[in-house]
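Chemist: Before we start, here is the structure in question, set down as structure tokens.
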Amino acid sequence: MIELDVNNIKKNFGGLQALNDVTFKVRGPELIGLIGPNGAGKTTLTNVLDGVIKPSSGTAYLNGRRIDTLPPYQVARAGLGRTFQVTRAFRRMTVLENLLVPAMALHATASRRNLEKRAWEVLEFLTFEHLANDYGRSLSGGQQKLLELGRLLMLDPDIIILDEPFAGVHPKLMETIYEYITTVNARGKAFIIISHDMDTIFTLSQRLLVLDYGELIADGDPETVRHDPAVVDAYLGEEEEETGPAVFEKDKREDA
Amino acid sequence: MNRKWLWGLIALAVLLLVAAPAGLEPYPYIMHIAIVALFYAILASSWSLLAGYAGQFSFAHMAFMAIGAYTAGIFGKFVRLSTSATGTCSEIPLGNIWLVFLNASGDNCLELAKANLPTGTLIYHPPALPGITLGIIMGGVFGFLIGVLVLRLRRTYLALFTIGFSEIMRVTLNAEIDITDGPNGLELTPLFPNGVHLLGFYFGPANKIPPYYVMLALFLGSMALMYWLAASRFGLFIRAIREDEEAAAALGVHVVRYKVLVFVITAMIAAAAGAVLAHFIGVITPNILLILQMSLVIAMAVIGGLETLIGAAIGAILIEFALEYLRTSFNIGPIEVDMTTWRLVFFGLLLMLTLRFWNNGLIYPIIQRLNRAGVAKETVAKRVATGEGTVEGTAEGG
């Protein structure tokens, strides 16, 4: 059973309160959307959970193990994987090597042959077999996004945080990523997905967390959150006719 | 051409290197250049592992080399072996032999002891190997310290930091005359002070063949070690760190460990090369730490190919020989072209042209072509099979 406990996380950057008392739990393979205006603290929260930055106060536990004090590589090995807002494929390494990095980091004693076998399974899942020996830099931006997701499959974490997986993505690739998320989720992995694509995130998520100015202002199922006055006021804005939440007038702050 | 051919070429090159003294023995000058060329090949290839593979653009490589050389030299200067206890120097018994430490201001304690030593007492320099070993260890220690200190530094800041370290080393070696003999240089005993008896042949202390094989063994050993490392998880991780430290860490790579390790390993290799060369030449001076010397190693690696160990090594050997060959001055009509200076201008031009037009180096593209020829064919075949013409054919946005 996957258990993530985020307790009263605060993060200050000088005078800026990037996260203020953020508390939530993840139980089991949930599919959670994390939304909020730019600068709300979504990426900061990801960085705190990932170990890139340490919280000013508060704690985070993954499956009973405290992770907010661990460096990123240990958090990854503890079972939390992530992607970044900007795609970060290893550009001067082949696709196969990209996949082997997390596998070899996680399995120090496993033979390369066995890990390569697993990498080929992931390549097959991504329909990337023909690109195995291509360098990361020769892939299109969309393919690099898929490669990042493939690396997470090799890391095999319990919880996967995806930072803007649908940003700047062709509709066909969006479908592929959507399918990836639902398939991997069905295999028992929990997801926290940061996205500004409201239609997709409301459809995909079983639960939504909404951050505003570093505070968690809503936590619930998409339908409840959609009509939450605090969320409407802070982020979604008034609905126009029946087309859903698509007004982003508040969405003007810099990302934290 | 496939990988088998590549391995064949490597085997042929190794054979040529091993057999070279058979033809070059009558030409000690060429043998001398060959030894120095192998020395630079070790430095350029190990720097290529550090900068090309791991992305740590360090200017401290010659400093690590000098640490190895000076440690070996200082060990030789202040340590003697004696068949009796001196009673006046600090000393440690090692079975029937005493390890004697002289004080830094000269051989006074030994002079004092000489009157009272039993007749037949032998006092002699230690062999080169313990000093070289100490040099390698000291190189590793300094590699570790610098590796830890530069953990948070990247690119320009790393380069500036390591230039600073290198300059501190140079100035210290110049200033501490009592220990290092300052600008005059520290003298070292030959690698084989009594010559070598091998396979029925005797090679005198000044013969270039034994040091050639020592340097060649070091070169081949370090290349084998580095290729093994590069092909292992170590190589994979340092390349991932070069590409993106944060992403590598997020995928479970212990970035600190591997960044420090690559400094330690390459520093030890550089120190070993420095210690062996210092014993071969017989003297080491702080001028070896001039920024020009480090630039030479970097240029050799860049021209050969920064991201290939063998490319950097071949680049170093070719350039060392070319620089020596180009020393010969010539006349254009009444004007004498002094090549002792102009050769460096040509070398600089070659470096500039390489960076401008072939920034992967001159050797790297050839090796890459040989190495990935089969891979490329395989990939194209798979693409054809899946009905895709090019990589862009599968582009799906982004």
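Ligands are numbered from 1 in the order shown, chains are lettered A, B, ... in the order of the structure tokens, and residues start at 1 in each chain.
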Contacts of Leu350 (chain B) at 9 Å or less, counting only C-alpha atoms, minus same-chain residues fewer than 5 places along, as JSON, numbers by chain?
Modeler: {"B": [303, 345, 355]}
Chemist: With N, CA and C atoms kept, could you save the residues just selected as a compact mmCIF listing (two decimals), in the first residue's frame?
Modeler:
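Once everything was written out, this is selection06.txt:
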# COMPACT_ATOMS: atom_id res chain seq x y z
N ILE B 303 41.76 18.64 -29.81
CA ILE B 303 42.06 18.33 -31.22
C ILE B 303 41.81 16.85 -31.49
N VAL B 345 52.59 28.89 -33.12
CA VAL B 345 51.55 29.64 -33.83
C VAL B 345 50.73 28.68 -34.69
N LEU B 355 38.34 23.95 -33.33
CA LEU B 355 37.18 24.40 -32.54
C LEU B 355 36.10 25.00 -33.45
Chemist: At a cut-off of 7 Å, which residues of chain A touch chain B? Count only C-alpha atoms and give the answer as a PDB file with C-alpha atoms, in the first residue's frame.
Modeler:
ATOM      1  CA  PRO A  72      17.279  13.530  -4.290  1.00  0.00           C
ATOM      2  CA  TYR A  73      18.997  10.268  -5.232  1.00  0.00           C
ATOM      3  CA  GLN A  74      17.813   8.626  -2.009  1.00  0.00           C
ATOM      4  CA  ALA A  76      14.296   8.423  -5.941  1.00  0.00           C
ATOM      5  CA  ARG A  77      15.484   5.100  -4.554  1.00  0.00           C
ATOM      6  CA  GLY A  81      10.089   9.666  -9.264  1.00  0.00           C
ATOM      7  CA  ARG A  82       9.538  12.923 -11.082  1.00  0.00           C
ATOM      8  CA  ARG A  88      15.597  16.815 -19.430  1.00  0.00           C
ATOM      9  CA  PHE A  90      20.321  13.098 -21.511  1.00  0.00           C
ATOM     10  CA  ARG A  91      20.937  14.534 -24.937  1.00  0.00           C
ATOM     11  CA  VAL A 101      20.754   5.139 -15.865  1.00  0.00           C
ATOM     12  CA  PRO A 102      17.901   4.770 -13.322  1.00  0.00           C
ATOM     13  CA  MET A 104      21.635   0.758 -12.808  1.00  0.00           C
ATOM     14  CA  ALA A 105      21.356   3.330 -10.027  1.00  0.00           C
ATOM     15  CA  LEU A 106      18.575   1.341  -8.411  1.00  0.00           C
ATOM     16  CA  HIS A 130      13.658   1.638 -33.521  1.00  0.00           C
ATOM     17  CA  LEU A 131      15.112   4.611 -31.644  1.00  0.00           C
ATOM     18  CA  ASN A 133      20.503   3.619 -30.412  1.00  0.00           C
ATOM     19  CA  LEU A 139      14.540  12.965 -30.715  1.00  0.00           C
ATOM     20  CA  SER A 140      11.755  15.474 -31.121  1.00  0.00           C
ATOM     21  CA  GLY A 141      10.596  17.376 -28.048  1.00  0.00           C
ATOM     22  CA  GLY A 142       7.595  15.083 -27.701  1.00  0.00           C
ATOM     23  CA  GLN A 143       9.690  11.952 -27.997  1.00  0.00           C
ATOM     24  CA  LEU A 155      13.098   3.584 -11.837  1.00  0.00           C
ATOM     25  CA  GLY A 168       3.392  22.263 -25.633  1.00  0.00           C
ATOM     26  CA  VAL A 169       2.477  18.799 -26.768  1.00  0.00           C
ATOM     27  CA  HIS A 170       0.841  17.696 -30.022  1.00  0.00           C
ATOM     28  CA  LYS A 172      -1.654  12.831 -30.642  1.00  0.00           C
ATOM     29  CA  LEU A 173       1.227  12.722 -28.177  1.00  0.00           C
TER      30      LEU A 173
END
Chemist: Name all residues at most 8 Å from Ala312 (chain B) (count only C-alpha atoms; drop same-chain ones fewer than 4 positions away) and give them as a list of chain:residue names.
Modeler: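 In the requested form, the answer reads B:Ala41, B:Ala44, B:Ser45, B:Ser48, B:Met300, B:Ala301, B:Val302, B:Ile303, B:Gly304, B:Gly305, B:Leu306, B:Thr308, B:Ala316, B:Ile363.
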Chemist: Write down as a list in words the residues of region 26-90 of chain B whose backbone DSSP state falls under strand (DSSP E).
Modeler: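 Here are the strand (DSSP E) residues of region 26-90 of chain B: Val79, Arg80, Leu81, Ser82 and Ser90 of chain B.
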Chemist: For the selection just defined, write its residues with C-alpha atoms to a file, as a compact mmCIF listing (two decimals), in the first residue's frame.
Modeler:
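out12.txt was written with the following content:
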# COMPACT_ATOMS: atom_id res chain seq x y z
CA VAL B 79 64.50 9.40 2.50
CA ARG B 80 67.47 7.04 2.49
CA LEU B 81 67.91 3.36 3.18
CA SER B 82 70.70 2.33 5.54
CA SER B 90 64.61 9.95 12.47
Chemist: Would you work out the distance separating CA of Ile181 (chain A) from CA of Lys25 (chain A), expressed in Å to one decimal?
Modeler: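 Here the two named atoms are 20.0 Å from each other.
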Chemist: If I take CA of Ile269 (chain B) and CA of Trp358 (chain B), how far is one from the other in Å, to one decimal?
Modeler: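 A separation of 28.0 Å between them.
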Chemist: Show me, as a list in words, the residues that have an atom within 7 Å of Glu187 (chain B) when counting only C-alpha atoms, minus same-chain residues fewer than 5 positions from it.
Modeler: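 So, after excluding close chain neighbours, the residues are Gly73, Gly282, Val283 and Ile284 of chain B.
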Chemist: Find the distance between CA of Asn287 (chain B) and CA of Gly140 (chain B) and write it in Å to one decimal.
Modeler: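 We find that CA of Asn287 (chain B) and CA of Gly140 (chain B) lie 22.0 Å from each other.
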Chemist: Find the spatial neighbours of Ala167 (chain A), counting only C-alpha atoms, within a cut-off of 12 Å - ignore same-chain residues fewer than 4 positions away - and output them as a count of residues only.
Modeler: 23
Chemist: For Val231 (chain A), list every protein, DNA or RNA residue within 10 Å, evaluated using only C-alpha atoms, and leave out those in the same chain fewer than 4 positions away; present the list as a PyMOL selection string.
Modeler: chain A and resi 35-36+210-212+217-218+225-227+235-237
Chemist: Now that the selection is made, can you save its residues with C-alpha atoms as a PDB file, in the first residue's frame?
Modeler:
ATOM      1  CA  ILE A  35      -3.247  22.805 -10.004  1.00  0.00           C
ATOM      2  CA  GLY A  36      -2.942  26.473  -9.204  1.00  0.00           C
ATOM      3  CA  VAL A 210      -5.245  23.336  -5.493  1.00  0.00           C
ATOM      4  CA  LEU A 211      -2.423  25.607  -4.377  1.00  0.00           C
ATOM      5  CA  ASP A 212      -2.606  29.370  -4.227  1.00  0.00           C
ATOM      6  CA  ILE A 217      -6.914  25.903  -0.705  1.00  0.00           C
ATOM      7  CA  ALA A 218      -8.756  22.803  -1.897  1.00  0.00           C
ATOM      8  CA  VAL A 225     -13.166  21.457  -6.577  1.00  0.00           C
ATOM      9  CA  ARG A 226     -14.662  22.827  -9.811  1.00  0.00           C
ATOM     10  CA  HIS A 227     -17.392  24.567  -7.834  1.00  0.00           C
ATOM     11  CA  TYR A 235      -7.677  30.235 -10.246  1.00  0.00           C
ATOM     12  CA  LEU A 236     -10.539  29.026 -12.380  1.00  0.00           C
ATOM     13  CA  GLY A 237     -12.527  32.221 -12.665  1.00  0.00           C
TER      14      GLY A 237
END
Chemist: Would you please work out which residue, of A:Asp158, A:Glu223, A:Ser57, A:Leu147, is nearest to Lys189 (chain A) when using only C-alpha atoms?
Modeler: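 So, comparing all the options, the nearest one is A:Asp158.
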Chemist: Return as an mmCIF file with N, CA and C atoms, in the first residue's frame the full set of residues in region 101-191 of chain A whose backbone-based DSSP assignment is helix (DSSP H, G or I).
Modeler:
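What landed in states.cif:
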data_model
loop_
_atom_site.group_PDB
_atom_site.id
_atom_site.type_symbol
_atom_site.label_atom_id
_atom_site.label_comp_id
_atom_site.auth_asym_id
_atom_site.auth_seq_id
_atom_site.Cartn_x
_atom_site.Cartn_y
_atom_site.Cartn_z
ATOM 1 N N VAL A 101 20.246 4.356 -17.010
ATOM 2 C CA VAL A 101 20.754 5.139 -15.865
ATOM 3 C C VAL A 101 19.961 4.853 -14.581
ATOM 4 N N PRO A 102 18.626 5.043 -14.575
ATOM 5 C CA PRO A 102 17.901 4.770 -13.322
ATOM 6 C C PRO A 102 17.957 3.294 -12.919
ATOM 7 N N ALA A 103 17.930 2.415 -13.910
ATOM 8 C CA ALA A 103 17.929 0.981 -13.582
ATOM 9 C C ALA A 103 19.231 0.596 -12.891
ATOM 10 N N MET A 104 20.338 1.100 -13.400
ATOM 11 C CA MET A 104 21.635 0.758 -12.808
ATOM 12 C C MET A 104 21.818 1.439 -11.458
ATOM 13 N N ALA A 105 21.245 2.633 -11.318
ATOM 14 C CA ALA A 105 21.356 3.330 -10.027
ATOM 15 C C ALA A 105 20.569 2.579 -8.952
ATOM 16 N N LEU A 106 19.461 2.015 -9.378
ATOM 17 C CA LEU A 106 18.575 1.341 -8.411
ATOM 18 C C LEU A 106 19.063 -0.069 -8.089
ATOM 19 N N ARG A 112 24.062 -6.039 -16.368
ATOM 20 C CA ARG A 112 23.629 -5.103 -17.401
ATOM 21 C C ARG A 112 22.687 -5.787 -18.393
ATOM 22 N N ARG A 113 22.970 -7.065 -18.648
ATOM 23 C CA ARG A 113 22.155 -7.817 -19.605
ATOM 24 C C ARG A 113 20.687 -7.850 -19.150
ATOM 25 N N ASN A 114 20.476 -8.140 -17.858
ATOM 26 C CA ASN A 114 19.102 -8.196 -17.341
ATOM 27 C C ASN A 114 18.425 -6.839 -17.393
ATOM 28 N N LEU A 115 19.210 -5.805 -17.062
ATOM 29 C CA LEU A 115 18.626 -4.459 -17.070
ATOM 30 C C LEU A 115 18.307 -4.029 -18.497
ATOM 31 N N GLU A 116 19.170 -4.426 -19.422
ATOM 32 C CA GLU A 116 18.906 -4.090 -20.825
ATOM 33 C C GLU A 116 17.638 -4.779 -21.313
ATOM 34 N N LYS A 117 17.431 -5.998 -20.826
ATOM 35 C CA LYS A 117 16.226 -6.739 -21.209
ATOM 36 C C LYS A 117 14.985 -5.955 -20.773
ATOM 37 N N ARG A 118 15.057 -5.443 -19.555
ATOM 38 C CA ARG A 118 13.933 -4.661 -19.031
ATOM 39 C C ARG A 118 13.770 -3.349 -19.820
ATOM 40 N N ALA A 119 14.938 -2.769 -20.189
ATOM 41 C CA ALA A 119 14.894 -1.521 -20.966
ATOM 42 C C ALA A 119 14.204 -1.756 -22.311
ATOM 43 N N TRP A 120 14.450 -2.918 -22.911
ATOM 44 C CA TRP A 120 13.804 -3.217 -24.196
ATOM 45 C C TRP A 120 12.297 -3.379 -24.017
ATOM 46 N N GLU A 121 11.881 -3.890 -22.856
ATOM 47 C CA GLU A 121 10.431 -3.987 -22.599
ATOM 48 C C GLU A 121 9.813 -2.594 -22.531
ATOM 49 N N VAL A 122 10.536 -1.680 -21.878
ATOM 50 C CA VAL A 122 10.045 -0.301 -21.780
ATOM 51 C C VAL A 122 10.024 0.345 -23.165
ATOM 52 N N LEU A 123 11.073 0.077 -23.957
ATOM 53 C CA LEU A 123 11.116 0.621 -25.321
ATOM 54 C C LEU A 123 9.910 0.135 -26.125
ATOM 55 N N GLU A 124 9.576 -1.110 -25.910
ATOM 56 C CA GLU A 124 8.427 -1.690 -26.615
ATOM 57 C C GLU A 124 7.140 -0.991 -26.163
ATOM 58 N N PHE A 125 7.020 -0.771 -24.837
ATOM 59 C CA PHE A 125 5.843 -0.100 -24.280
ATOM 60 C C PHE A 125 5.686 1.297 -24.889
ATOM 61 N N GLU A 129 11.386 1.037 -30.006
ATOM 62 C CA GLU A 129 12.470 0.073 -30.268
ATOM 63 C C GLU A 129 13.417 0.566 -31.356
ATOM 64 N N HIS A 130 12.836 1.208 -32.388
ATOM 65 C CA HIS A 130 13.658 1.638 -33.521
ATOM 66 C C HIS A 130 14.545 2.833 -33.180
ATOM 67 N N LEU A 131 14.315 3.435 -32.016
ATOM 68 C CA LEU A 131 15.112 4.611 -31.644
ATOM 69 C C LEU A 131 16.159 4.285 -30.578
ATOM 70 N N GLY A 136 19.699 11.102 -27.496
ATOM 71 C CA GLY A 136 18.573 11.858 -26.966
ATOM 72 C C GLY A 136 18.322 13.148 -27.736
ATOM 73 N N ARG A 137 19.425 13.787 -28.178
ATOM 74 C CA ARG A 137 19.287 15.074 -28.860
ATOM 75 C C ARG A 137 18.618 14.944 -30.224
ATOM 76 N N SER A 138 18.620 13.735 -30.799
ATOM 77 C CA SER A 138 18.031 13.592 -32.129
ATOM 78 C C SER A 138 16.531 13.310 -32.063
ATOM 79 N N GLY A 141 10.934 16.985 -29.423
ATOM 80 C CA GLY A 141 10.596 17.376 -28.048
ATOM 81 C C GLY A 141 9.603 16.410 -27.420
ATOM 82 N N GLY A 142 8.614 15.995 -28.209
ATOM 83 C CA GLY A 142 7.595 15.083 -27.701
ATOM 84 C C GLY A 142 8.176 13.718 -27.362
ATOM 85 N N GLN A 143 9.051 13.256 -28.255
ATOM 86 C CA GLN A 143 9.690 11.952 -27.997
ATOM 87 C C GLN A 143 10.553 12.016 -26.742
ATOM 88 N N GLN A 144 11.182 13.168 -26.518
ATOM 89 C CA GLN A 144 12.007 13.316 -25.306
ATOM 90 C C GLN A 144 11.134 13.249 -24.050
ATOM 91 N N LYS A 145 9.910 13.790 -24.146
ATOM 92 C CA LYS A 145 8.988 13.696 -23.010
ATOM 93 C C LYS A 145 8.663 12.232 -22.720
ATOM 94 N N LEU A 146 8.401 11.476 -23.790
ATOM 95 C CA LEU A 146 8.098 10.052 -23.612
ATOM 96 C C LEU A 146 9.304 9.301 -23.042
ATOM 97 N N LEU A 147 10.488 9.720 -23.490
ATOM 98 C CA LEU A 147 11.705 9.081 -22.976
ATOM 99 C C LEU A 147 11.819 9.308 -21.462
ATOM 100 N N GLU A 148 11.486 10.514 -21.016
ATOM 101 C CA GLU A 148 11.510 10.796 -19.566
ATOM 102 C C GLU A 148 10.543 9.870 -18.827
ATOM 103 N N LEU A 149 9.377 9.646 -19.420
ATOM 104 C CA LEU A 149 8.398 8.749 -18.790
ATOM 105 C C LEU A 149 8.936 7.317 -18.775
ATOM 106 N N GLY A 150 9.643 6.960 -19.841
ATOM 107 C CA GLY A 150 10.255 5.635 -19.905
ATOM 108 C C GLY A 150 11.291 5.457 -18.808
ATOM 109 N N ARG A 151 12.064 6.491 -18.562
ATOM 110 C CA ARG A 151 13.077 6.407 -17.493
ATOM 111 C C ARG A 151 12.406 6.172 -16.142
ATOM 112 N N LEU A 152 11.241 6.792 -15.960
ATOM 113 C CA LEU A 152 10.528 6.585 -14.696
ATOM 114 C C LEU A 152 10.056 5.138 -14.566
ATOM 115 N N LEU A 153 9.683 4.547 -15.705
ATOM 116 C CA LEU A 153 9.288 3.128 -15.648
ATOM 117 C C LEU A 153 10.462 2.269 -15.202
ATOM 118 N N MET A 154 11.654 2.640 -15.644
ATOM 119 C CA MET A 154 12.851 1.886 -15.243
ATOM 120 C C MET A 154 13.155 2.096 -13.760
ATOM 121 N N LEU A 155 12.863 3.302 -13.262
ATOM 122 C CA LEU A 155 13.098 3.584 -11.837
ATOM 123 C C LEU A 155 12.070 2.854 -10.991
ATOM 124 N N PRO A 171 -1.563 17.060 -29.984
ATOM 125 C CA PRO A 171 -2.710 16.304 -29.453
ATOM 126 C C PRO A 171 -2.524 14.782 -29.492
ATOM 127 N N LYS A 172 -1.832 14.280 -30.535
ATOM 128 C CA LYS A 172 -1.654 12.831 -30.642
ATOM 129 C C LYS A 172 -0.737 12.321 -29.518
ATOM 130 N N LEU A 173 0.307 13.110 -29.251
ATOM 131 C CA LEU A 173 1.227 12.722 -28.177
ATOM 132 C C LEU A 173 0.535 12.855 -26.823
ATOM 133 N N MET A 174 -0.352 13.860 -26.729
ATOM 134 C CA MET A 174 -1.099 14.038 -25.485
ATOM 135 C C MET A 174 -1.897 12.764 -25.175
ATOM 136 N N GLU A 175 -2.479 12.210 -26.231
ATOM 137 C CA GLU A 175 -3.222 10.950 -26.068
ATOM 138 C C GLU A 175 -2.301 9.849 -25.553
ATOM 139 N N THR A 176 -1.090 9.780 -26.152
ATOM 140 C CA THR A 176 -0.131 8.746 -25.750
ATOM 141 C C THR A 176 0.233 8.904 -24.276
ATOM 142 N N ILE A 177 0.497 10.152 -23.860
ATOM 143 C CA ILE A 177 0.891 10.400 -22.464
ATOM 144 C C ILE A 177 -0.282 10.065 -21.534
ATOM 145 N N TYR A 178 -1.468 10.442 -21.967
ATOM 146 C CA TYR A 178 -2.682 10.154 -21.197
ATOM 147 C C TYR A 178 -2.805 8.635 -20.975
ATOM 148 N N GLU A 179 -2.586 7.923 -22.057
ATOM 149 C CA GLU A 179 -2.686 6.464 -22.004
ATOM 150 C C GLU A 179 -1.607 5.871 -21.092
ATOM 151 N N TYR A 180 -0.397 6.457 -21.204
ATOM 152 C CA TYR A 180 0.715 6.021 -20.345
ATOM 153 C C TYR A 180 0.302 6.152 -18.883
ATOM 154 N N ILE A 181 -0.254 7.316 -18.538
ATOM 155 C CA ILE A 181 -0.599 7.581 -17.135
ATOM 156 C C ILE A 181 -1.655 6.593 -16.646
ATOM 157 N N THR A 182 -2.691 6.401 -17.439
ATOM 158 C CA THR A 182 -3.765 5.509 -16.981
ATOM 159 C C THR A 182 -3.290 4.054 -16.900
ATOM 160 N N THR A 183 -2.439 3.661 -17.867
ATOM 161 C CA THR A 183 -1.940 2.277 -17.849
ATOM 162 C C THR A 183 -1.055 2.029 -16.632
ATOM 163 N N VAL A 184 -0.108 2.957 -16.403
ATOM 164 C CA VAL A 184 0.830 2.775 -15.287
ATOM 165 C C VAL A 184 0.078 2.891 -13.953
ATOM 166 N N ASN A 185 -0.912 3.765 -13.920
ATOM 167 C CA ASN A 185 -1.740 3.910 -12.712
ATOM 168 C C ASN A 185 -2.494 2.601 -12.416
ATOM 169 N N ALA A 186 -2.983 1.975 -13.487
ATOM 170 C CA ALA A 186 -3.708 0.708 -13.316
ATOM 171 C C ALA A 186 -2.791 -0.397 -12.802
#
